[in-house]
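Asker: So that you have it, the file is run.csv, and it contains CSV, C-alpha atoms:
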chain,number,residue,atom,x,y,z
A,1480,MET,CA,119.8,59.3,102.0
A,1481,ALA,CA,121.7,60.6,99.0
A,1482,ILE,CA,118.4,61.5,97.3
A,1483,GLN,CA,117.2,63.2,100.4
A,1484,ASN,CA,120.3,65.3,100.7
A,1485,LYS,CA,120.1,66.3,97.1
A,1486,LEU,CA,116.5,67.4,97.6
A,1487,VAL,CA,117.4,69.5,100.6
A,1488,SER,CA,120.2,71.1,98.7
A,1489,TYR,CA,118.0,71.8,95.7
A,1490,VAL,CA,115.3,73.4,97.9
A,1491,CYS,CA,118.0,75.6,99.6
A,1492,LEU,CA,119.4,76.6,96.3
A,1493,CYS,CA,115.9,77.6,95.0
A,1494,MET,CA,115.3,79.6,98.2
A,1495,ALA,CA,118.6,81.4,97.8
A,1496,PHE,CA,117.8,82.2,94.1
A,1497,ILE,CA,114.4,83.5,95.0
A,1498,LEU,CA,115.7,85.7,97.8
A,1499,CYS,CA,118.3,87.1,95.4
A,1500,ILE,CA,115.6,87.9,92.9
A,1501,GLY,CA,113.6,89.6,95.6
A,1502,CYS,CA,116.6,91.7,96.8
A,1503,SER,CA,117.4,92.7,93.2
A,1504,LEU,CA,113.8,93.8,92.5
A,1505,ASP,CA,113.5,95.8,95.7
A,1506,LYS,CA,115.6,98.9,95.2
A,1507,SER,CA,113.1,101.1,97.0
A,1508,HIS,CA,114.0,103.9,99.4
A,1509,TYR,CA,111.5,105.8,101.6
A,1510,THR,CA,110.3,109.0,100.0
A,1511,TYR,CA,107.3,111.0,100.9
A,1512,VAL,CA,104.7,111.0,98.1
A,1513,PRO,CA,102.6,114.2,98.2
A,1514,GLY,CA,98.8,113.9,98.2
A,1515,ARG,CA,96.1,116.1,96.6
A,1516,MET,CA,96.5,119.8,96.5
A,1517,ILE,CA,94.2,121.6,98.8
A,1518,ASP,CA,91.1,123.5,97.4
A,1519,SER,CA,91.9,126.9,98.7
A,1520,PHE,CA,92.6,130.3,97.1
A,1521,VAL,CA,94.6,132.3,99.6
A,1522,ARG,CA,97.6,134.5,99.0
A,1523,PRO,CA,100.8,133.3,100.7
A,1524,LEU,CA,101.4,135.1,103.9
A,1525,PRO,CA,104.7,137.1,103.9
A,1526,VAL,CA,106.2,135.1,106.8
A,1527,THR,CA,108.9,132.5,107.3
A,1528,VAL,CA,108.0,129.1,108.7
A,1529,CYS,CA,110.6,126.9,110.2
A,1530,ILE,CA,109.9,123.2,110.8
A,1531,ASN,CA,111.9,121.3,113.5
A,1532,ALA,CA,112.5,117.5,113.4
A,1533,LEU,CA,109.7,115.8,115.3
A,1534,ASP,CA,110.2,114.3,118.8
A,1535,ASP,CA,110.1,110.5,118.7
A,1536,LEU,CA,108.0,109.1,121.5
A,1537,ARG,CA,107.6,105.6,120.2
A,1538,GLY,CA,108.3,102.5,122.2
A,1539,ASN,CA,111.3,100.2,121.4
A,1540,GLU,CA,109.6,96.9,120.9
A,1541,ASN,CA,110.7,95.1,117.7
A,1542,GLY,CA,109.5,91.6,117.9
A,1543,ASP,CA,110.8,89.4,115.1
A,1544,ASN,CA,110.3,85.6,115.1
A,1545,VAL,CA,110.1,85.1,111.3
A,1546,GLY,CA,112.5,82.2,111.5
A,1547,LEU,CA,109.8,80.1,113.1
A,1548,ILE,CA,108.0,80.0,109.8
A,1549,LEU,CA,110.5,77.3,108.7
A,1550,LEU,CA,109.0,74.9,111.2
A,1551,PRO,CA,106.7,72.4,109.5
A,1552,ALA,CA,102.9,72.9,109.9
A,1553,VAL,CA,103.4,76.6,111.1
A,1554,PRO,CA,100.8,78.4,109.0
A,1555,TYR,CA,102.0,82.0,109.6
A,1556,ILE,CA,104.0,84.2,111.8
A,1557,ARG,CA,103.1,87.6,113.2
A,1558,THR,CA,105.8,90.3,113.8
A,1559,HIS,CA,105.5,93.8,115.3
A,1560,TYR,CA,107.9,96.7,114.9
A,1561,GLU,CA,107.5,99.9,116.9
A,1562,ARG,CA,110.7,101.3,115.3
A,1563,PRO,CA,110.9,99.3,112.0
A,1564,GLU,CA,113.8,101.5,110.7
A,1565,LYS,CA,116.0,99.9,113.4
A,1566,ASP,CA,115.5,96.4,112.1
A,1567,ILE,CA,118.2,95.1,109.8
A,1568,LYS,CA,115.6,94.0,107.2
A,1569,PHE,CA,114.4,97.6,106.7
A,1570,THR,CA,117.5,99.7,107.2
A,1571,ILE,CA,118.0,99.8,103.4
A,1572,LYS,CA,114.9,101.9,103.1
A,1573,GLY,CA,116.5,104.8,104.8
A,1574,PHE,CA,113.4,105.7,106.8
A,1575,LYS,CA,114.1,108.5,109.3
A,1576,PRO,CA,110.7,109.4,110.8
A,1577,SER,CA,111.7,112.5,112.8
A,1578,GLU,CA,113.2,114.1,109.7
A,1579,ASP,CA,111.0,112.6,107.1
A,1580,PHE,CA,107.7,113.8,108.7
A,1581,ALA,CA,109.1,117.3,109.0
A,1582,LYS,CA,110.1,117.2,105.4
A,1583,ALA,CA,106.6,116.0,104.4
A,1584,LEU,CA,105.0,119.0,106.0
A,1585,GLN,CA,107.6,121.3,104.3
A,1586,VAL,CA,106.7,119.8,100.9
A,1587,GLU,CA,103.0,120.3,101.4
A,1588,LEU,CA,103.3,123.8,102.8
A,1589,LYS,CA,105.4,124.8,99.8
A,1590,ARG,CA,103.3,123.2,97.1
A,1591,ASN,CA,100.1,124.6,98.5
A,1592,ASN,CA,101.7,128.1,98.7
A,1593,LEU,CA,100.4,129.1,102.1
A,1594,PHE,CA,103.5,131.0,103.3
A,1595,SER,CA,106.2,132.9,101.4
A,1596,TYR,CA,109.1,130.9,102.8
A,1597,VAL,CA,109.2,127.4,104.5
A,1598,ARG,CA,112.4,125.8,105.6
A,1599,LEU,CA,113.6,123.0,107.9
A,1600,GLY,CA,115.3,123.8,111.2
A,1601,GLN,CA,119.1,123.3,111.1
A,1602,ASP,CA,121.8,123.5,113.7
A,1603,GLY,CA,121.1,127.2,114.1
A,1604,GLY,CA,117.5,126.5,115.0
A,1605,CYS,CA,114.5,128.6,114.1
A,1606,LYS,CA,115.2,131.9,115.9
A,1607,ASP,CA,114.9,134.0,112.8
A,1608,ALA,CA,111.5,132.5,111.7
A,1609,ASP,CA,108.1,134.1,112.3
A,1610,LEU,CA,106.4,130.8,112.9
A,1611,VAL,CA,107.9,127.6,114.3
A,1612,VAL,CA,106.6,124.1,113.9
A,1613,THR,CA,107.3,121.3,116.3
A,1614,GLY,CA,105.8,117.8,116.5
A,1615,LYS,CA,105.6,114.4,118.2
A,1616,ILE,CA,105.6,110.9,116.8
A,1617,ASN,CA,103.5,108.6,119.0
A,1618,LYS,CA,103.3,105.7,116.5
A,1619,ALA,CA,104.8,104.8,113.1
A,1620,SER,CA,104.7,101.1,113.3
A,1621,VAL,CA,104.8,98.1,111.0
A,1622,ASP,CA,103.1,94.8,111.6
A,1623,THR,CA,103.4,91.8,109.3
A,1624,ILE,CA,101.8,88.4,108.9
A,1625,THR,CA,104.1,86.1,106.9
A,1626,THR,CA,103.3,82.6,105.5
A,1627,LEU,CA,105.0,79.7,103.8
A,1628,TYR,CA,101.6,77.9,103.8
A,1629,GLY,CA,102.7,75.4,106.5
A,1630,MET,CA,105.1,73.8,104.1
A,1631,SER,CA,108.4,75.0,105.6
A,1632,LEU,CA,111.1,75.4,102.9
A,1633,LEU,CA,108.7,74.0,100.2
A,1634,GLY,CA,106.4,76.9,100.9
A,1635,VAL,CA,108.5,79.2,98.7
A,1636,PHE,CA,107.1,77.5,95.6
A,1637,PRO,CA,103.5,78.8,96.0
A,1638,THR,CA,104.9,82.3,96.3
A,1639,VAL,CA,106.9,81.9,93.2
A,1640,LEU,CA,103.7,80.9,91.4
A,1641,GLY,CA,102.1,84.2,92.5
A,1642,LEU,CA,100.5,83.5,95.8
A,1643,PRO,CA,101.0,86.2,98.4
A,1644,GLN,CA,103.7,86.0,101.1
A,1645,GLY,CA,101.6,87.7,103.7
A,1646,LYS,CA,100.2,91.0,104.8
A,1647,VAL,CA,101.7,94.3,106.1
A,1648,TYR,CA,100.0,96.8,108.4
A,1649,ASN,CA,100.9,100.4,109.2
A,1650,THR,CA,99.8,102.5,112.1
A,1651,LEU,CA,100.6,106.2,112.3
A,1652,ASN,CA,99.9,108.8,115.0
A,1653,ILE,CA,101.7,112.1,114.9
A,1654,GLN,CA,101.0,115.7,116.0
A,1655,TYR,CA,102.2,119.1,114.6
A,1656,GLU,CA,102.1,122.4,116.4
A,1657,MET,CA,102.8,125.9,114.9
A,1658,ARG,CA,103.6,128.8,117.2
A,1659,ARG,CA,104.4,132.4,116.7
A,1660,THR,CA,108.1,133.0,117.6
A,1661,ILE,CA,107.5,136.5,119.1
A,1662,ASP,CA,105.2,135.3,121.9
A,1663,GLY,CA,104.8,131.5,121.7
A,1664,VAL,CA,101.1,131.6,120.9
A,1665,LEU,CA,99.8,128.4,119.4
A,1666,VAL,CA,98.2,129.2,116.0
A,1667,TRP,CA,97.8,125.8,114.5
A,1668,THR,CA,97.7,122.2,115.7
A,1669,SER,CA,97.2,119.0,113.8
A,1670,ASP,CA,96.7,115.4,114.9
A,1671,ILE,CA,97.2,112.8,112.1
A,1672,SER,CA,96.4,109.2,112.8
A,1673,GLY,CA,95.2,106.1,111.0
A,1674,SER,CA,95.8,102.4,110.1
A,1675,TRP,CA,96.3,100.7,106.8
A,1676,GLY,CA,96.8,97.1,105.5
A,1677,GLY,CA,97.9,95.5,102.3
A,1678,VAL,CA,99.1,92.2,100.7
A,1679,PHE,CA,102.7,91.7,99.7
A,1680,GLY,CA,104.5,89.0,97.5
A,1681,ILE,CA,107.6,88.3,95.5
A,1682,TRP,CA,106.3,89.5,92.2
A,1683,TYR,CA,104.0,92.3,93.2
A,1684,SER,CA,103.6,94.9,95.9
A,1685,ASN,CA,101.5,97.9,96.8
A,1686,SER,CA,104.3,100.5,96.5
A,1687,ASN,CA,108.0,100.9,96.2
A,1688,ASP,CA,107.8,102.2,99.8
A,1689,GLU,CA,107.0,98.9,101.4
A,1690,PRO,CA,106.8,98.3,104.3
A,1691,TYR,CA,105.9,102.0,104.7
A,1692,ALA,CA,103.3,102.4,101.9
A,1693,GLY,CA,100.4,102.9,104.4
A,1694,ILE,CA,102.4,105.5,106.4
A,1695,ASN,CA,102.7,107.5,103.2
A,1696,LEU,CA,99.0,107.2,102.4
A,1697,ILE,CA,97.9,108.1,105.9
A,1698,LEU,CA,100.3,111.0,106.1
A,1699,SER,CA,99.4,112.6,102.8
A,1700,SER,CA,95.7,112.2,103.4
A,1701,GLY,CA,96.0,113.7,106.9
A,1702,LEU,CA,98.1,116.6,105.8
A,1703,HIS,CA,95.6,117.4,103.0
A,1704,ASN,CA,92.8,117.6,105.5
A,1705,GLU,CA,94.7,119.5,108.1
A,1706,LEU,CA,96.2,122.0,105.7
A,1707,SER,CA,92.8,122.6,104.2
A,1708,LYS,CA,91.6,123.7,107.7
A,1709,LEU,CA,94.7,125.9,108.1
A,1710,ALA,CA,94.1,127.6,104.7
A,1711,GLU,CA,90.6,128.4,105.7
A,1712,ASN,CA,91.7,129.8,109.0
A,1713,ILE,CA,94.3,132.0,107.2
A,1714,ARG,CA,91.6,133.2,104.9
A,1715,LYS,CA,89.4,134.2,107.8
A,1716,ASP,CA,92.0,135.7,110.1
A,1717,PRO,CA,95.4,136.2,108.4
A,1718,GLN,CA,96.6,138.7,111.1
A,1719,ARG,CA,96.7,135.9,113.6
A,1720,TYR,CA,99.7,134.4,111.7
A,1721,TRP,CA,101.8,137.5,110.9
A,1722,GLU,CA,100.6,140.6,112.7
A,1723,HIS,CA,101.4,140.8,116.4
Please lay out the structure from this file as C-alpha cells.

Answerer:
Amino acid sequence: MAIQNKLVSYVCLCMAFILCIGCSLDKSHYTYVPGRMIDSFVRPLPVTVCINALDDLRGNENGDNVGLILLPAVPYIRTHYERPEKDIKFTIKGFKPSEDFAKALQVELKRNNLFSYVRLGQDGGCKDADLVVTGKINKASVDTITTLYGMSLLGVFPTVLGLPQGKVYNTLNIQYEMRRTIDGVLVWTSDISGSWGGVFGIWYSNSNDEPYAGINLILSSGLHNELSKLAENIRKDPQRYWEH
C-alpha cells in the first residue's frame, strides 16, 4: 500500500510539474495577424470609414467534459465551445470577437490603403463618417479532441516524450456590411467562413494564438479575397463610395 501511495504521489507530482511547464510556455495573447497584401493599384478614396463592433449572434453552448479523460481506458474526449473566450481555460488569451474582428478589418483597410482614413466606432458612434461598417458573428467556435492514450494519469508521459495531446478545430462565419452614411445605401458586403484543424502538444503548437490559430488564418485569407473584390469595384466605380 505504501508503494502504491508513493506511485500515485509521484504521478501527481509529475502532472503538476508538466502543467506548470505548459503554463509557463504559453504566454500567448490573441492578436490578429494580417494576411497578404491585395494586388491592386487604386488611389485611396478621400473618405472616412468607421467600423463598429460586430453583433455577436453565436450560441452559448460551452460543453467541457475534459475531466473524464482521467478515467482508465477512455481513449479521448471531445469538447465544443461556441463562445470559447468565456471558458476559464481560454480567458487568458484576451479574445474579444466583436472588437477583434472590427480591428482586423481596420488593419487590412489601412495597410491596403483603400480609403484615406479608417477608424473604429467609439462612444460617439460613426455619425461623422462617410462610410459605416457593421457586421455579424454567426460562428467563432473551438472544438477539441484531447487524449491521454487511455492510460489515465500515466498518459502524460507519452505527451512529454513528444506525442500530441490532441487536435483543435476552428469554425468561423462572419459578415461585414458597408453603407453610405448619407443615405444608407449598401456599397459592400462580405461573407467570410471556413473551418480549420491542427494538432497540439506540450512541446509544440501551430501558433501562439492557440486555440484561435485557425480563426486567424480563415479571417486573414477571407479579408484578402473580399478586399480584393472591393478594390476592383472602387477602381471601376469610385463615385459609388464618395460622390452622392

Asker: Residues of region 1542-1601 of chain A within 12 Å of region 1632-1650 of chain A: nearest atom pair and distance (Å, one decimal) for each, counting all atoms listed in the file, sorted by chain and number, as a Markdown table?

Answerer:
| residue | atom | partner | partner_atom | distance |
| --- | --- | --- | --- | --- |
| A:Val1545 | CA | A:Gly1645 | CA | 11.7 |
| A:Gly1546 | CA | A:Leu1632 | CA | 11.1 |
| A:Leu1547 | CA | A:Leu1632 | CA | 11.3 |
| A:Ile1548 | CA | A:Leu1632 | CA | 8.9 |
| A:Leu1549 | CA | A:Leu1632 | CA | 6.1 |
| A:Leu1550 | CA | A:Leu1632 | CA | 8.6 |
| A:Pro1551 | CA | A:Leu1632 | CA | 8.5 |
| A:Ala1552 | CA | A:Gly1634 | CA | 10.5 |
| A:Val1553 | CA | A:Gly1634 | CA | 10.6 |
| A:Pro1554 | CA | A:Gly1634 | CA | 10.0 |
| A:Tyr1555 | CA | A:Gly1645 | CA | 8.2 |
| A:Ile1556 | CA | A:Gly1645 | CA | 9.1 |
| A:Arg1557 | CA | A:Lys1646 | CA | 9.5 |
| A:Thr1558 | CA | A:Val1647 | CA | 9.6 |
| A:His1559 | CA | A:Tyr1648 | CA | 9.3 |
| A:Tyr1560 | CA | A:Asn1649 | CA | 9.8 |
| A:Glu1561 | CA | A:Thr1650 | CA | 9.4 |
| A:Arg1562 | CA | A:Thr1650 | CA | 11.4 |
| A:Pro1563 | CA | A:Asn1649 | CA | 10.4 |

Asker: Using all atoms listed in the file, collect all residues at a distance of at most 12 Å from (92.8, 114.5, 107.7) as written in the file, then present them as a PyMOL selection string.

Answerer: chain A and resi 1514-1515+1517+1652-1654+1669-1673+1696-1709

Asker: List as a list in words the protein and nucleic acid residues near Ile1661 (chain A), meaning an atom at most 10 Å away when only C-alpha atoms are counted, but skip any in the same chain fewer than 3 places from it.

Answerer: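 The neighbour list is Lys1606, Ala1608, Asp1609, Leu1610, Arg1658, Val1664 and His1723 of chain A.
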
Asker: Mind pulling up the distance from CA of Gly1542 (chain A) to CA of Asn1695 (chain A)?

Answerer: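 According to the coordinates, CA of Asn1695 (chain A) and CA of Gly1542 (chain A) are separated by 22.7 Å.
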
Asker: Using all atoms listed in the file, can you tell me which of A:Gly1538, A:Gly1676, A:Gly1604, A:Gly1614 comes closest to Ala1581 (chain A)?

Answerer: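 Of all the options, A:Gly1614 lies closest to Ala1581 (chain A).
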
Asker: Please return as a count of residues only every residue within 7 Å of (112.1, 107.6, 103.5), taking into account all atoms listed in the file and the file's own coordinates.

Answerer: 9

Asker: May I ask which of the residues A:Leu1599, A:Ile1567, A:Val1666, A:Leu1524 is the closest one to Leu1584 (chain A), counting only C-alpha atoms?

Answerer: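 Of A:Leu1599, A:Ile1567, A:Val1666, A:Leu1524, the one nearest Leu1584 (chain A), counting only C-alpha atoms, is A:Leu1599.
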
Asker: When you count only C-alpha atoms, which of these residues is closest to Glu1689 (chain A): A:Leu1627, A:Val1621, A:Leu1665, A:Val1597?

Answerer: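 Distance minimum relative to Glu1689 (chain A) lands on A:Val1621.
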
Asker: How many Å separate CA of Trp1682 (chain A) from CA of Val1512 (chain A)?

Answerer: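 The value is 22.4 Å.
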
Asker: Considering only C-alpha atoms, can you say which of A:Thr1623, A:Asn1592, A:Asn1617, A:Thr1668 comes closest to Asp1518 (chain A)?

Answerer: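 Closest candidate: A:Asn1592.
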
Asker: Kindly indicate which residue among A:Asn1591, A:Thr1570, A:Ser1620, A:Gln1718 lies nearest to Ala1692 (chain A), using only C-alpha atoms for the distances.

Answerer: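 The shortest atom-to-atom distance to Ala1692 (chain A) comes from A:Ser1620.
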
Asker: Compare A:Leu1593, A:Ile1624, A:Cys1605, A:Val1528 by their minimum atom-to-atom distance to Asn1544 (chain A), counting all atoms listed in the file, and give me the closest one.

Answerer: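 Smallest distance to Asn1544 (chain A) is found for A:Ile1624.
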
Asker: Quick check, in Å to one decimal: how far apart do CA of Asn1541 (chain A) and CA of Ile1694 (chain A) lie?

Answerer: 17.5 Å
